[in-house]
There are 2 protein chains.
Amino acid sequence: MVQGLDTRALAIYSPILDQLSQVEERLRDLADSSIPELVPLLEHALSHGGKRVRPALTLLASNICPQESESPIKMATGVELLHLATLIHDDTVDDADTRRGQASVSGRWGKEVAVLLGDYLFATSATLVCDTGNLRVVRRFAETIMELASGELIEYFNTFNPQQELDRYYDRIYRKTASLFRTASETGAVLSAASEWQIQALSSYGYNIGMAFQVVDDLLDILGDEAELGKPVGNDLRQGVLTLPSIMLMQRYPEDNPIPELFRKPELNGELERTLDMVKNSTIVPDCYAIIRDYCDEAISALNTLPAGKSRDSLESMAAYVRERSR
Amino acid sequence: MVQGLDTRALAIYSPILDQLSQVEERLRDLADSSIPELVPLLEHALSHGGKRVRPALTLLASNICPQESESPIKMATGVELLHLATLIHDDTVDDADTRRGQASVSGRWGKEVAVLLGDYLFATSATLVCDTGNLRVVRRFAETIMELASGELIEYFNTFNPQQELDRYYDRIYRKTASLFRTASETGAVLSAASEWQIQALSSYGYNIGMAFQVVDDLLDILGDEAELGKPVGNDLRQGVLTLPSIMLMQRYPEDNPIPELFRKPELNGELERTLDMVKNSTIVPDCYAIIRDYCDEAISALNTLPAGKSRDSLESMAAYVRERSR
């Protein structure tokens with residue numbers, strides 16, 4: 001079983017709890033490597049207690065028009081493994097020594113090992129996806145890795161740049177986050193009995209919920225409290241990353257704005273406090289809520305035309321859950 | 001055209017020069033990215049003047065039992081791109097600021113960018129392989145990335161360990177080097193009109209020439225001169241990496257051997273000199289030649305049963321070339 005899920009998540013996952021356990025088991029089995037050097041690394045990398053949102057999406061999407069097949073379980077395992085691989089490389093790039101209170105691979109074994117282990121897991125995830133026997137999902141999966149990596153590169157090259165357009169922001173969060181949500185949901189549908197328009201509906205659902213998920217994350221970085229986030233408030237700005245609320249702040253207050261000064265001298269805590277206060281005391285927060293609501297509504301409306309049932313209900317609840325997370 | 005090939009290489013490549021130009025062109029086209037941030041990175045990464053041995057293998061193998069198709073060109077491009085991606089991550093892991101006299105991606109843009117660009121190129125190479133439409137080669141390709149990464153990890157975890165078995169060495173160089181040679185040749189065959197046993201013959205050819213190629217490299221690291229190698233002699237030992245000649249030295253002189261002391265204090269140049277001299281003054285060098293010869297003979301004999309023609313001749317010449325490179 002997936003550890004550490006709250007009651008709400010358990011209710012959402014109820015139609016797929018058995019399949020999700022099989023994903024967990026397959027992930028655990030990967031640690032039994034024939035290469036002794038890799039065993040401790042794999043045990044560490046595969047044991048992190050995430051919420052398994054992405055594989056749940058794949059399994060729920062595949063259950064809307066179900067057919068007898070192990071392919072969705074293989075795909076869901078590949079999707080989660082890809083997510084774990086990206087976390088390992090992200091921590092390497094961000095110099096993050098911990099993740100969820102545990103040492104990161106890069107913190108514990110060094111960057112050299114983290115680069116190579118990430119590569120190994122990327123490739124392992126691709127072999128799992130190949131095992132579905134469906135070339136369409138394999139290609140979509142490879143494109144997703146391109147989008148993830150290019151999203152991180154675009155973010156990296158734009159750090160400490162106070163002038164950023166909103167459409168570039170949306171493109172970046174699609175690549176960084178929504179691409180994998182979209183792929184998780186879309187490939188679940190491709191590997192089911194769904195028709196092409198049903199696949200497109202589930203692709204749109206995944207895209208929209210992924211976009212909402214990232215905007216919520218970006219907003220919580222400003223509104224959340226440190227204990228809840230597990231990292232200091234204003235972390236994005238401190239690292240020179242502009243997100244939706246701070247881009248809005250730049251656009252609305254082009255003259256008297258603390259961000260350019262903050263990006264010139266990131267150690268100035270006064271400028272950071274002033275930025276956070278300005279966002280909180282403007283209409284930016286409700287405007288961000290409205291954008292999140294729109295993405296979630298879009299996700300739910302994409303489900304409307306699909307066959308009713310427990311899995312569709314769960315996808316609807318998941319969208320509602322993301323929307324509520326932001327307030 | 002491929003730049004900088006000598007007369008001998010040109011003769012070997014003569015049956016596939018036109019196809020190899022198409023590979024070059026496809027690689028160049030990849031630099032025309034729609035993402036402006038990536039353009040200078042891609043131009044830099046794709047312009048390195050390698051000998052294109054791996055894509056040549058794919059093209060020659062596919063020409064033994066040819067059929068009208070663009071797939072081998074797509075595959076060959078994917079194979080070379082995978083090779084370029086691994087070089088970028090290898091330089092990051094090895095802290096190498098230059099490659100072939102040019103700044104490495106990691107040296108010029110930093111490790112963060114090198115990790116993400118490598119990921120991007122791994123994924124791009126996989127999409128090219130997907131474009132062949134053949135799931136078997138896609139799976140083999142993903143397994144190869146697993147083997148490459150695990151080979152580097154095994155090497156990393158065994159640096160400065162003077163006790164290493166020969167079979168572990170062979171496993172390591174298979175993963176690090178021969179796996180991609182095998183895949184290059186095998187997938188060329190899969191994407192041609194070759195039958196299963198012909199595919200196996202070309203797989204064996206690629207494996208054996210890849211093993212020979214790496215043993216030559218390991219021997220030249222001890223025998224070559226600095227100008228020719230582009231790096232100091234004894235570089236492997238300096239970095240704590242045991243290879244065939246030094247493992248043999250450990251096995252033959254377990255008592256009075258400078259390697260354990262060298263690995264305890266790698267800055268001791270005297271121990272390095274003594275190690276190199278002991279290898280040169282023993283029968284280890286001719287014994288390594290014999291092993292290289294065996295691999296090359298094995299490669300050539302795998303070709304025997306295949307249809308005669310220019311491409312088979314070229315593969316035979318390539319094996320002869322590798323064998324001669326070692327003396």
# chains A, B, ... in the order shown; residues from 1 in each chain; ligands from 1
>>> residues_around(residues="stretch 307-310 of chain A", least_positions_apart="5", cutoff="12 Å", atoms="only C-alpha atoms", output="PDB file with C-alpha atoms, in the first residue's frame")
ATOM      1  CA  ALA A  11     -11.254   8.152  -0.959  1.00  0.00           C
ATOM      2  CA  ILE A  12     -10.075   9.531  -4.311  1.00  0.00           C
ATOM      3  CA  TYR A  13      -7.813   6.522  -4.881  1.00  0.00           C
ATOM      4  CA  SER A  14     -10.425   3.953  -3.777  1.00  0.00           C
ATOM      5  CA  PRO A  15     -11.211   2.612  -7.288  1.00  0.00           C
ATOM      6  CA  ILE A  16      -7.515   1.909  -7.930  1.00  0.00           C
ATOM      7  CA  LEU A  60      -7.897   6.349 -13.050  1.00  0.00           C
ATOM      8  CA  ALA A  61      -7.755   7.488 -16.694  1.00  0.00           C
ATOM      9  CA  ASN A  63     -10.328   2.810 -15.799  1.00  0.00           C
ATOM     10  CA  ILE A  64     -12.791   5.143 -17.504  1.00  0.00           C
ATOM     11  CA  CYS A  65     -13.059   2.794 -20.494  1.00  0.00           C
ATOM     12  CA  PRO A  66     -11.368  -0.230 -18.943  1.00  0.00           C
ATOM     13  CA  ALA A 193     -10.504   0.976 -24.668  1.00  0.00           C
ATOM     14  CA  ALA A 194     -10.968   4.747 -25.002  1.00  0.00           C
ATOM     15  CA  SER A 195     -11.639   6.243 -28.433  1.00  0.00           C
ATOM     16  CA  GLN A 198     -11.949  10.277 -25.130  1.00  0.00           C
ATOM     17  CA  ALA A 201     -10.555  14.651 -23.201  1.00  0.00           C
ATOM     18  CA  LEU A 202      -8.294  12.885 -20.689  1.00  0.00           C
ATOM     19  CA  ALA A 302     -13.263  17.811 -20.027  1.00  0.00           C
ATOM     20  CA  LEU A 315     -10.845  12.504 -11.232  1.00  0.00           C
ATOM     21  CA  GLU A 316     -13.510  15.126 -10.494  1.00  0.00           C
ATOM     22  CA  SER A 317     -12.713  14.999  -6.759  1.00  0.00           C
TER      23      SER A 317
END
>>> closest_atom_pairs(of="chain A", to="chain B", cutoff="10 Å", atoms="only C-alpha atoms", output="CSV")
residue,atom,partner,partner_atom,distance
A:Ile35,CA,B:Ser150,CA,8.2
A:Pro36,CA,B:Ile154,CA,9.0
A:Glu37,CA,B:Ile154,CA,6.4
A:Leu38,CA,B:Leu153,CA,7.9
A:Thr86,CA,B:Asp119,CA,9.4
A:His89,CA,B:Val115,CA,7.3
A:Asp90,CA,B:Leu116,CA,8.7
A:Thr92,CA,B:Glu112,CA,7.5
A:Val93,CA,B:Glu112,CA,4.7
A:Asp94,CA,B:Glu112,CA,7.8
A:Asp95,CA,B:Glu112,CA,9.1
A:Gly110,CA,B:Val93,CA,9.9
A:Lys111,CA,B:Val93,CA,7.5
A:Glu112,CA,B:Val93,CA,4.7
A:Val113,CA,B:Leu153,CA,6.8
A:Ala114,CA,B:Val93,CA,9.4
A:Val115,CA,B:Val115,CA,6.9
A:Leu116,CA,B:Ala149,CA,5.4
A:Leu117,CA,B:Ala149,CA,7.1
A:Gly118,CA,B:Ala149,CA,8.7
A:Asp119,CA,B:Ala149,CA,6.1
A:Tyr120,CA,B:Met146,CA,4.9
A:Leu121,CA,B:Met146,CA,7.6
A:Phe122,CA,B:Met146,CA,8.2
A:Ala123,CA,B:Ala142,CA,5.2
A:Thr124,CA,B:Met146,CA,6.4
A:Ser125,CA,B:Ala142,CA,8.7
A:Ala126,CA,B:Ala142,CA,6.1
A:Thr127,CA,B:Ala142,CA,5.8
A:Leu128,CA,B:Arg139,CA,9.1
A:Val129,CA,B:Arg139,CA,9.0
A:Cys130,CA,B:Arg139,CA,5.8
A:Asp131,CA,B:Arg139,CA,8.1
A:Gly133,CA,B:Leu135,CA,7.1
A:Asn134,CA,B:Leu135,CA,7.8
A:Leu135,CA,B:Leu135,CA,6.2
A:Arg136,CA,B:Cys130,CA,8.6
A:Val138,CA,B:Cys130,CA,7.4
A:Arg139,CA,B:Cys130,CA,5.8
A:Arg140,CA,B:Thr127,CA,8.5
A:Phe141,CA,B:Ala123,CA,8.8
A:Ala142,CA,B:Ala123,CA,5.2
A:Glu143,CA,B:Thr127,CA,6.7
A:Thr144,CA,B:Ala123,CA,8.2
A:Ile145,CA,B:Ala123,CA,5.7
A:Met146,CA,B:Tyr120,CA,4.9
A:Glu147,CA,B:Tyr120,CA,7.9
A:Leu148,CA,B:Tyr120,CA,8.1
A:Ala149,CA,B:Tyr120,CA,5.3
A:Ser150,CA,B:Tyr120,CA,6.5
A:Gly151,CA,B:Leu116,CA,9.4
A:Glu152,CA,B:Leu116,CA,7.2
A:Leu153,CA,B:Leu116,CA,6.5
A:Ile154,CA,B:Glu37,CA,6.4
A:Glu155,CA,B:Glu37,CA,9.8
A:Tyr156,CA,B:Val113,CA,7.9
A:Phe157,CA,B:Glu37,CA,7.0
A:Asn158,CA,B:Glu37,CA,9.0
>>> atom_distance(atom1="atom CA of A:Glu273", atom2="atom CA of A:Tyr174")
28.5 Å
>>> select_by_dssp(residues="stretch 39-275 of chain B", states="strand (DSSP E or B)", output="PyMOL selection string")
chain B and resi 98-99+102-103
>>> atom_distance(atom1="atom CA of A:Asp287", atom2="atom CA of A:Pro258")
20.5 Å
>>> residues_around(residues="stretch 259-266 of chain B", least_positions_apart="2", cutoff="9 Å", atoms="only C-alpha atoms", output="CSV table (one decimal) with all heavy atoms, in the first residue's frame")
chain,number,residue,atom,x,y,z
B,159,THR,N,36.5,3.3,-7.9
B,159,THR,CA,37.7,4.0,-8.0
B,159,THR,C,38.5,3.9,-6.7
B,159,THR,O,38.0,3.7,-5.6
B,159,THR,CB,37.4,5.5,-8.2
B,159,THR,OG1,36.4,6.0,-7.3
B,159,THR,CG2,37.0,5.8,-9.7
B,160,PHE,N,39.8,3.8,-6.9
B,160,PHE,CA,40.8,3.7,-5.8
B,160,PHE,C,40.6,2.4,-5.1
B,160,PHE,O,41.1,2.3,-3.9
B,160,PHE,CB,40.8,4.9,-4.9
B,160,PHE,CG,41.1,6.2,-5.6
B,160,PHE,CD1,40.2,7.1,-5.9
B,160,PHE,CD2,42.4,6.4,-6.1
B,160,PHE,CE1,40.5,8.3,-6.7
B,160,PHE,CE2,42.8,7.5,-6.8
B,160,PHE,CZ,41.8,8.5,-7.1
B,161,ASN,N,40.0,1.4,-5.7
B,161,ASN,CA,40.0,0.0,-5.1
B,161,ASN,C,40.9,-0.8,-5.9
B,161,ASN,O,40.7,-1.1,-7.1
B,161,ASN,CB,38.5,-0.5,-5.3
B,161,ASN,CG,38.5,-2.0,-5.0
B,161,ASN,OD1,39.4,-2.6,-4.4
B,161,ASN,ND2,37.3,-2.6,-5.3
B,162,PRO,N,42.1,-1.2,-5.3
B,162,PRO,CA,43.1,-2.0,-6.0
B,162,PRO,C,42.7,-3.4,-6.3
B,162,PRO,O,43.4,-4.1,-7.1
B,162,PRO,CB,44.3,-1.8,-5.2
B,162,PRO,CG,43.8,-1.6,-3.8
B,162,PRO,CD,42.5,-0.9,-3.9
B,163,GLN,N,41.7,-3.9,-5.6
B,163,GLN,CA,41.4,-5.3,-5.8
B,163,GLN,C,40.1,-5.5,-6.7
B,163,GLN,O,39.0,-5.3,-6.3
B,163,GLN,CB,41.0,-6.0,-4.4
B,163,GLN,CG,42.1,-5.9,-3.4
B,163,GLN,CD,43.4,-6.5,-3.8
B,163,GLN,OE1,43.4,-7.4,-4.7
B,163,GLN,NE2,44.6,-6.1,-3.3
B,237,LEU,N,44.8,5.6,-14.1
B,237,LEU,CA,45.4,5.3,-12.8
B,237,LEU,C,45.3,6.5,-11.9
B,237,LEU,O,45.0,6.4,-10.7
B,237,LEU,CB,46.8,4.8,-12.9
B,237,LEU,CG,46.9,3.3,-13.4
B,237,LEU,CD1,48.3,3.1,-13.8
B,237,LEU,CD2,46.5,2.4,-12.2
B,238,ARG,N,45.6,7.7,-12.4
B,238,ARG,CA,45.6,8.9,-11.6
B,238,ARG,C,44.2,9.2,-11.1
B,238,ARG,O,44.1,9.7,-10.0
B,238,ARG,CB,46.0,10.1,-12.5
B,238,ARG,CG,46.7,11.2,-11.8
B,238,ARG,CD,47.3,12.3,-12.7
B,238,ARG,NE,48.6,12.0,-13.2
B,238,ARG,CZ,48.9,11.8,-14.5
B,238,ARG,NH1,48.0,12.0,-15.4
B,238,ARG,NH2,50.1,11.6,-14.8
B,239,GLN,N,43.2,8.8,-11.9
B,239,GLN,CA,41.8,9.0,-11.4
B,239,GLN,C,41.3,7.8,-10.6
B,239,GLN,O,40.1,7.7,-10.2
B,239,GLN,CB,40.9,9.2,-12.6
B,239,GLN,CG,41.4,10.3,-13.5
B,239,GLN,CD,40.3,11.2,-14.0
B,239,GLN,OE1,39.1,10.8,-13.9
B,239,GLN,NE2,40.6,12.3,-14.5
B,240,GLY,N,42.2,6.8,-10.3
B,240,GLY,CA,41.8,5.7,-9.5
B,240,GLY,C,41.1,4.6,-10.2
B,240,GLY,O,40.5,3.7,-9.6
B,246,SER,N,46.4,-2.8,-15.7
B,246,SER,CA,46.7,-2.6,-14.3
B,246,SER,C,46.1,-3.7,-13.4
B,246,SER,O,46.7,-4.1,-12.4
B,246,SER,CB,46.3,-1.2,-13.8
B,246,SER,OG,45.0,-0.9,-14.2
B,249,LEU,N,48.5,-6.4,-13.8
B,249,LEU,CA,49.7,-6.2,-13.0
B,249,LEU,C,49.4,-6.5,-11.5
B,249,LEU,O,50.3,-7.1,-10.8
B,249,LEU,CB,50.1,-4.7,-13.1
B,249,LEU,CG,51.5,-4.3,-12.6
B,249,LEU,CD1,52.5,-4.8,-13.5
B,249,LEU,CD2,51.6,-2.8,-12.4
B,250,MET,N,48.2,-6.2,-11.0
B,250,MET,CA,47.9,-6.6,-9.6
B,250,MET,C,47.9,-8.1,-9.4
B,250,MET,O,48.3,-8.6,-8.4
B,250,MET,CB,46.5,-6.0,-9.2
B,250,MET,CG,46.5,-4.5,-8.9
B,250,MET,SD,47.5,-4.1,-7.4
B,250,MET,CE,46.6,-5.0,-6.1
B,257,ASN,N,53.9,-4.5,-5.4
B,257,ASN,CA,53.1,-3.7,-6.4
B,257,ASN,C,52.8,-2.3,-6.0
B,257,ASN,O,52.4,-2.1,-4.9
B,257,ASN,CB,51.8,-4.5,-6.6
B,257,ASN,CG,51.1,-4.0,-7.9
B,257,ASN,OD1,50.9,-2.8,-8.1
B,257,ASN,ND2,50.8,-5.0,-8.8
B,268,LEU,N,51.4,10.8,-5.6
B,268,LEU,CA,52.8,10.3,-5.7
B,268,LEU,C,53.1,10.0,-7.1
B,268,LEU,O,52.8,8.9,-7.6
B,268,LEU,CB,53.0,9.1,-4.8
B,268,LEU,CG,52.9,9.2,-3.3
B,268,LEU,CD1,53.0,7.9,-2.6
B,268,LEU,CD2,53.9,10.2,-2.8
B,269,ASN,N,53.8,10.9,-7.8
B,269,ASN,CA,54.2,10.6,-9.2
B,269,ASN,C,55.1,9.5,-9.4
B,269,ASN,O,55.1,8.8,-10.4
B,269,ASN,CB,54.7,11.9,-9.8
B,269,ASN,CG,53.7,12.5,-10.8
B,269,ASN,OD1,53.1,11.7,-11.5
B,269,ASN,ND2,53.6,13.8,-10.8
B,270,GLY,N,56.0,9.3,-8.4
B,270,GLY,CA,56.9,8.1,-8.4
B,270,GLY,C,56.2,6.8,-8.6
B,270,GLY,O,56.6,6.0,-9.4
B,271,GLU,N,55.2,6.6,-7.8
B,271,GLU,CA,54.4,5.3,-7.9
B,271,GLU,C,53.8,5.1,-9.2
B,271,GLU,O,53.7,4.0,-9.8
B,271,GLU,CB,53.4,5.3,-6.8
B,271,GLU,CG,53.9,5.4,-5.4
B,271,GLU,CD,54.9,4.3,-5.0
B,271,GLU,OE1,54.8,3.2,-5.5
B,271,GLU,OE2,55.8,4.5,-4.2
B,272,LEU,N,53.3,6.2,-9.8
B,272,LEU,CA,52.6,6.2,-11.1
B,272,LEU,C,53.7,5.7,-12.2
B,272,LEU,O,53.4,4.8,-13.0
B,272,LEU,CB,52.0,7.5,-11.5
B,272,LEU,CG,51.3,7.5,-12.9
B,272,LEU,CD1,50.1,6.6,-12.9
B,272,LEU,CD2,50.8,9.0,-13.2
B,275,THR,N,54.5,2.1,-11.8
B,275,THR,CA,53.4,1.3,-12.3
B,275,THR,C,53.5,1.2,-13.9
B,275,THR,O,53.4,0.1,-14.5
B,275,THR,CB,52.0,1.8,-11.9
B,275,THR,OG1,52.0,2.0,-10.5
B,275,THR,CG2,50.9,0.9,-12.3
>>> residues_around(residues="A:Val216", least_positions_apart="2", cutoff="10 Å", atoms="only C-alpha atoms", output="compact mmCIF listing (two decimals) with all heavy atoms, in the first residue's frame")
# COMPACT_ATOMS: atom_id res chain seq x y z
N GLY A 210 -2.64 19.73 -14.17
CA GLY A 210 -1.21 19.96 -13.97
C GLY A 210 -0.88 21.44 -13.88
O GLY A 210 -0.09 21.87 -13.03
N MET A 211 -1.51 22.24 -14.75
CA MET A 211 -1.29 23.69 -14.71
C MET A 211 -1.79 24.24 -13.37
O MET A 211 -1.11 25.03 -12.72
CB MET A 211 -2.02 24.38 -15.87
CG MET A 211 -1.51 24.02 -17.26
SD MET A 211 0.19 24.54 -17.60
CE MET A 211 -0.02 26.28 -17.98
N ALA A 212 -2.99 23.81 -12.95
CA ALA A 212 -3.55 24.26 -11.66
C ALA A 212 -2.61 23.89 -10.52
O ALA A 212 -2.32 24.70 -9.64
CB ALA A 212 -4.92 23.63 -11.45
N PHE A 213 -2.11 22.66 -10.56
CA PHE A 213 -1.22 22.15 -9.52
C PHE A 213 0.00 23.05 -9.35
O PHE A 213 0.39 23.40 -8.25
CB PHE A 213 -0.80 20.74 -9.94
CG PHE A 213 -0.17 19.92 -8.85
CD1 PHE A 213 -0.95 19.12 -8.02
CD2 PHE A 213 1.21 19.90 -8.68
CE1 PHE A 213 -0.36 18.34 -7.02
CE2 PHE A 213 1.80 19.13 -7.69
CZ PHE A 213 1.00 18.34 -6.86
N GLN A 214 0.59 23.47 -10.48
CA GLN A 214 1.81 24.29 -10.40
C GLN A 214 1.50 25.72 -9.94
O GLN A 214 2.26 26.31 -9.19
CB GLN A 214 2.55 24.29 -11.74
CG GLN A 214 3.91 25.00 -11.68
CD GLN A 214 4.86 24.38 -10.65
OE1 GLN A 214 5.07 23.18 -10.66
NE2 GLN A 214 5.41 25.18 -9.75
N ASP A 218 3.06 27.64 -6.74
CA ASP A 218 3.72 28.94 -6.85
C ASP A 218 3.09 29.95 -5.89
O ASP A 218 3.77 30.80 -5.33
CB ASP A 218 3.66 29.45 -8.29
CG ASP A 218 4.53 28.60 -9.22
OD1 ASP A 218 5.36 27.83 -8.70
OD2 ASP A 218 4.38 28.70 -10.45
N LEU A 219 1.77 29.84 -5.71
CA LEU A 219 1.08 30.75 -4.80
C LEU A 219 1.40 30.41 -3.35
O LEU A 219 1.64 31.29 -2.52
CB LEU A 219 -0.43 30.66 -5.06
CG LEU A 219 -1.31 31.73 -4.41
CD1 LEU A 219 -0.88 33.13 -4.85
CD2 LEU A 219 -2.78 31.51 -4.78
N LEU A 220 1.43 29.09 -3.03
CA LEU A 220 1.74 28.67 -1.66
C LEU A 220 3.15 29.10 -1.25
O LEU A 220 3.41 29.34 -0.08
CB LEU A 220 1.60 27.16 -1.51
CG LEU A 220 0.17 26.62 -1.44
CD1 LEU A 220 0.18 25.11 -1.28
CD2 LEU A 220 -0.60 27.27 -0.29
N ASP A 221 4.04 29.20 -2.23
CA ASP A 221 5.41 29.63 -1.91
C ASP A 221 5.39 31.04 -1.32
O ASP A 221 6.32 31.44 -0.62
CB ASP A 221 6.28 29.60 -3.17
CG ASP A 221 7.75 29.81 -2.85
OD1 ASP A 221 8.34 28.92 -2.22
OD2 ASP A 221 8.29 30.88 -3.22
N LEU A 244 3.82 33.24 -11.22
CA LEU A 244 2.62 34.00 -11.55
C LEU A 244 2.41 35.22 -10.64
O LEU A 244 2.29 36.35 -11.16
CB LEU A 244 1.39 33.07 -11.54
CG LEU A 244 0.07 33.73 -11.95
CD1 LEU A 244 0.15 34.31 -13.35
CD2 LEU A 244 -1.07 32.71 -11.87
N CYS A 288 -5.10 35.06 -8.70
CA CYS A 288 -4.47 33.75 -8.88
C CYS A 288 -5.47 32.64 -8.57
O CYS A 288 -5.55 31.63 -9.28
CB CYS A 288 -3.23 33.60 -7.99
SG CYS A 288 -1.82 34.57 -8.55
N TYR A 289 -6.26 32.84 -7.50
CA TYR A 289 -7.32 31.85 -7.18
C TYR A 289 -8.23 31.65 -8.38
O TYR A 289 -8.61 30.53 -8.72
CB TYR A 289 -8.17 32.34 -6.01
CG TYR A 289 -7.52 32.21 -4.64
CD1 TYR A 289 -7.80 33.13 -3.64
CD2 TYR A 289 -6.67 31.14 -4.36
CE1 TYR A 289 -7.23 33.03 -2.38
CE2 TYR A 289 -6.09 31.04 -3.10
CZ TYR A 289 -6.36 31.98 -2.11
OH TYR A 289 -5.80 31.87 -0.88
N ILE A 291 -7.58 32.05 -11.49
CA ILE A 291 -6.90 31.30 -12.57
C ILE A 291 -6.86 29.80 -12.24
O ILE A 291 -7.12 28.95 -13.09
CB ILE A 291 -5.49 31.89 -12.80
CG1 ILE A 291 -5.64 33.25 -13.49
CG2 ILE A 291 -4.61 30.96 -13.63
CD1 ILE A 291 -4.38 34.08 -13.53
N ILE A 292 -6.58 29.49 -10.97
CA ILE A 292 -6.58 28.09 -10.55
C ILE A 292 -7.98 27.49 -10.75
O ILE A 292 -8.12 26.38 -11.27
CB ILE A 292 -6.15 27.98 -9.06
CG1 ILE A 292 -4.69 28.40 -8.91
CG2 ILE A 292 -6.38 26.57 -8.53
CD1 ILE A 292 -4.28 28.71 -7.47
N VAL A 322 -7.43 19.91 -5.69
CA VAL A 322 -6.39 20.86 -6.08
C VAL A 322 -6.90 22.30 -5.91
O VAL A 322 -6.20 23.16 -5.38
CB VAL A 322 -5.94 20.63 -7.55
CG1 VAL A 322 -5.02 21.75 -8.02
CG2 VAL A 322 -5.27 19.27 -7.69
N ARG A 323 -8.14 22.52 -6.30
CA ARG A 323 -8.70 23.87 -6.20
C ARG A 323 -8.75 24.33 -4.74
O ARG A 323 -8.39 25.45 -4.43
CB ARG A 323 -10.10 23.89 -6.80
CG ARG A 323 -10.69 25.28 -6.86
CD ARG A 323 -11.91 25.33 -7.74
NE ARG A 323 -12.81 24.20 -7.44
CZ ARG A 323 -13.87 23.90 -8.17
NH1 ARG A 323 -14.16 24.59 -9.24
NH2 ARG A 323 -14.64 22.89 -7.85
N GLU A 324 -9.13 23.42 -3.86
CA GLU A 324 -9.26 23.79 -2.44
C GLU A 324 -7.91 23.96 -1.76
O GLU A 324 -7.79 24.68 -0.78
CB GLU A 324 -10.06 22.74 -1.68
CG GLU A 324 -11.53 22.84 -2.00
CD GLU A 324 -12.26 21.58 -1.57
OE1 GLU A 324 -11.91 21.02 -0.52
OE2 GLU A 324 -13.16 21.15 -2.33
N ARG A 325 -6.90 23.27 -2.29
CA ARG A 325 -5.57 23.33 -1.69
C ARG A 325 -5.04 24.77 -1.68
O ARG A 325 -4.17 25.11 -0.89
CB ARG A 325 -4.64 22.44 -2.53
CG ARG A 325 -3.43 21.92 -1.78
CD ARG A 325 -2.56 21.06 -2.69
NE ARG A 325 -1.16 21.39 -2.48
CZ ARG A 325 -0.25 21.53 -3.43
NH1 ARG A 325 -0.57 21.37 -4.70
NH2 ARG A 325 1.00 21.83 -3.13
N SER A 326 -5.58 25.59 -2.57
CA SER A 326 -5.00 26.93 -2.73
C SER A 326 -5.59 27.95 -1.76
O SER A 326 -5.21 29.10 -1.78
CB SER A 326 -5.21 27.41 -4.16
OG SER A 326 -6.59 27.60 -4.40
N ARG A 327 -6.56 27.55 -0.89
CA ARG A 327 -7.14 28.59 -0.03
C ARG A 327 -6.91 28.28 1.45
O ARG A 327 -6.65 27.20 1.83
CB ARG A 327 -8.65 28.76 -0.23
CG ARG A 327 -9.26 27.88 -1.28
CD ARG A 327 -10.60 28.40 -1.67
NE ARG A 327 -10.57 28.94 -3.01
CZ ARG A 327 -11.28 30.00 -3.38
NH1 ARG A 327 -11.98 30.65 -2.50
NH2 ARG A 327 -11.24 30.41 -4.62
>>> select_by_dssp(residues="stretch 43-237 of chain A", states="alpha helix (DSSP H)", output="number ranges by chain")
A: 43-46, 53-62, 71-93, 105-109, 111-130, 135-157, 166-173, 179-190, 196-223, 226-229, 235-237
>>> atom_distance(atom1="atom CA of A:Gly234", atom2="atom CA of A:Leu276")
7.3 Å
>>> closest_residue(among="A:Leu306, A:Ala290, A:Ile222, A:Leu87", to="A:Arg274", atoms="only C-alpha atoms")
A:Ile222
>>> closest_residue(among="B:Gln19, B:Ser47, B:Ser179, B:Ser104", to="B:Lys74", atoms="only C-alpha atoms")
B:Gln19
>>> closest_residue(among="B:Ser21, B:Val285, B:Met248, B:Glu80", to="B:Gly50", atoms="only C-alpha atoms")
B:Glu80
>>> decode(residues="stretch 251-256 of chain B", atoms="N, CA, C and O atoms", output="compact mmCIF listing (two decimals), in the first residue's frame")
# COMPACT_ATOMS: atom_id res chain seq x y z
N GLN B 251 47.36 -8.77 -10.43
CA GLN B 251 47.24 -10.23 -10.30
C GLN B 251 48.60 -10.91 -10.38
O GLN B 251 48.85 -11.90 -9.71
N ARG B 252 49.50 -10.37 -11.21
CA ARG B 252 50.78 -11.05 -11.43
C ARG B 252 51.82 -10.68 -10.38
O ARG B 252 52.75 -11.44 -10.14
N TYR B 253 51.67 -9.50 -9.80
CA TYR B 253 52.63 -9.07 -8.77
C TYR B 253 51.87 -8.66 -7.52
O TYR B 253 51.82 -7.48 -7.16
N PRO B 254 51.20 -9.64 -6.86
CA PRO B 254 50.37 -9.28 -5.71
C PRO B 254 51.20 -8.72 -4.55
O PRO B 254 50.68 -7.94 -3.74
N GLU B 255 52.49 -9.08 -4.46
CA GLU B 255 53.29 -8.65 -3.31
C GLU B 255 53.90 -7.26 -3.54
O GLU B 255 53.49 -6.28 -2.94
N ASP B 256 54.87 -7.22 -4.45
CA ASP B 256 55.60 -5.97 -4.63
C ASP B 256 54.95 -5.15 -5.75
O ASP B 256 55.41 -5.17 -6.90
